[in-house]
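Comments concern the structure below.
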Amino acid sequence: MNSAPLETPPAVHAVRVTGLTKTFGSGDAKTVALKGIDFETREGELHLVVGPSGCGKTTLLSVVAGTLEWDSGSVTVFGQHLNQLSRGAVTAFRGRNIGFIFQQFNLIPTINCVENVSVPLLLGGVHRREAEERAAEMLKRVGLGEKIQARPTSLSGGQQQRVAIARALVHEPRLIICDEPTSALDSVTGHQIMELLAGAARAPGRCVIIVTHDPRTYNFADRITEMEDGRVRSVLAGEAIRSFLTTHR
Ligand SMILES: Nc1ncnc2c1ncn2[C@@H]1O[C@H](COP(=O)(O)OP(=O)(O)O)[C@@H](O)[C@H]1O
Ligand SMILES: [Mg+2]
């Protein structure tokens with residue numbers, strides 16, 4: 001009997017999207033936001049998604065995060081076909097595996113920062129005391145140790161953004177999805193946040209995907225997917241990222 005040919009082992013995909021389409025509205029109000037997207041990201045990778053406003057970046061990531069239904073195509077996260085899960089099962093899968101930071105921070109205004117950051121841990125069954133200890137530690141790591149008792153509404157935009165980042169990281173989800181995480185941050189804080197996100201990405205079984213317009217984030221990337229008008233324009237890795245950097249500074 002022939003033995004199987006030797007092959008390089010397949011890359012471990014954190015996310016695999018094929019042929020994804022999504023249209024909002026109908027008739028005159030119809031917008032085709034995604035026109036057949038193929039998108040892959042691997043474990044251990046920090047992956048940037050870039051492209052002009054309106055090209056479909058948030059729509060793509062909302063589908064991957066399991067918060068938006070799509071029209072056609074297949075979406076797999078850590079080997080799990082989201083197509084095959086009920087809505088309730090998607091929500092449970094997201095709670096266990098995905099942390100996200102969307103452009104609107106979605107902080108709860110009536111509770112303080114440490115309580116906001118504790119939420120994913122409490123939902124995961126961690127006891128309140130331990131949850132608040134871990135949340136306070138995470139707030140220190142994003143530079144907000146002084147603000148753990150503050151209400152989000154009393155903070156600046158950049159501080160609120162860091163609370164949202166702490167909340168997305170605190171339960172160490174395997175996949176972290178961020179929509180413009182450094183947009184409201186000064187360059188020193190932005191750099192710290194990118195280092196934190198890169199550290200979270202570069203571990204077995206983990207991955208971070210970031211939508212960004214911010215050229216300061218580009219040199220942290222292992223891979224860059226460039227989108228344009230509902231499509232993928234190019235995918236860059238390695239040397240190609242360096243030449244992209246020189247043309248987009
Ligand atoms: N909820 C929605 N209803 C109608 N149109 C939408 C909605 N969300 C996004 N769109 C449209 O889909 C296109 C892609 O939007 P989006 O994914 O937010 O782009 P990006 O994040 O790249 O700026 C845009 O034309 C936008 O106006
Ligand atoms: Mg967007």
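If you're wondering about the labels, chains in the structure tokens are A, B, ... by order shown, residues count from 1 in each chain, ligands from 1 in order shown.
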
*Hey, which residues come within 10 Å of ligand 1 if we count only C-alpha atoms and all ligand atoms? Could you give them as a ChimeraX atom specification?*
/A:22-26,29-34,49-62,68,103,179-180,211-213,227-230

_List as a list in words the protein and nucleic acid residues near region 144-156 of chain A, meaning an atom at most 8 Å away when only C-alpha atoms are counted, but skip any in the same chain fewer than 4 places from it._
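Surrounding residues, per the criterion: Leu107, Ile108, Pro109, Thr110, Ile111, Asn112, Cys113, Val114, Ala136, Glu137, Leu139, Lys140, Gln160, Arg162 and Val163 of chain A.
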
*Close residues, Ala200 (chain A) itself excluded, 10 Å, only C-alpha atoms, min 2 positions apart in chain, as number ranges by chain*: A: 44-46, 169, 172-176, 194-198, 202-204, 206-208

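For the residues A:Pro215, A:Pro181, A:Gly143, A:Gly190, ranking by smallest atom-to-atom distance to ligand 2 using only C-alpha atoms and all ligand atoms places A:Pro181 first.
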
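Of the residues under consideration (A:Val90, A:Leu48, A:Ile165, A:Ala65), A:Leu48 shows the shortest atom-to-atom contact distance to Ile210 (chain A) when counting only C-alpha atoms.
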
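Proximity ranking of A:Ala201, A:Gly36, A:Arg223, A:Met138 relative to Glu115 (chain A) places A:Met138 first, based on only C-alpha atoms.
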
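The space separating CA of Gly95 (chain A) from CA of Val232 (chain A) comes to 28.1 Å.
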
*When distances are computed from only C-alpha atoms and all ligand atoms, which of A:Cys178, A:Ile193, A:Ile209, A:Leu122 shows the smallest separation from ligand 2?*
A:Cys178

*Backbone-only DSSP, helix (DSSP H, G or I) members of region 78-196 of chain A, as a PyMOL selection string*: chain A and resi 82-84+87-97+113-123+128-141+145-147+152-154+157-169+187-196

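Between Arg94 (chain A) and the residues A:Val126, A:Ala131, A:Ala164, A:Ile177, the shortest atom-to-atom distance, using only C-alpha atoms, involves A:Ile177.
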
*Give me, please, the distance in Å between CA of Val63 (chain A) and CA of His47 (chain A), quoted to one decimal.*
16.3 Å

*Just asking: which residues within region 95-143 of chain A are strand (DSSP E or B) according to DSSP, as a list in words?*
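So the strand (DSSP E or B) residues in region 95-143 of chain A would be Ile98, Gly99, Phe100 and Ile101 of chain A.
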
_What's around region 239-243 of chain A at 9 Å? Count only C-alpha atoms, leave out sequence neighbours fewer than 2 positions away in its own chain, and write the answer as a PyMOL selection string._
chain A and resi 218-219+221-224+235-237+245-248

*Would you please work out which residue, of A:Glu43, A:Ile101, A:Gly88, A:Asp38, is nearest to ligand 2 when using only C-alpha atoms and all ligand atoms?*
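Ranking A:Glu43, A:Ile101, A:Gly88, A:Asp38 by distance to ligand 2, first place goes to A:Ile101.
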
*Could you pull the residues within 10 Å of Leu121 (chain A), counting only C-alpha atoms, minus those fewer than 4 positions along the same chain, as a VMD selection string?*
chain A and resid 95 to 96 117 125 to 128 130 to 132 134 to 135 167 170 to 172
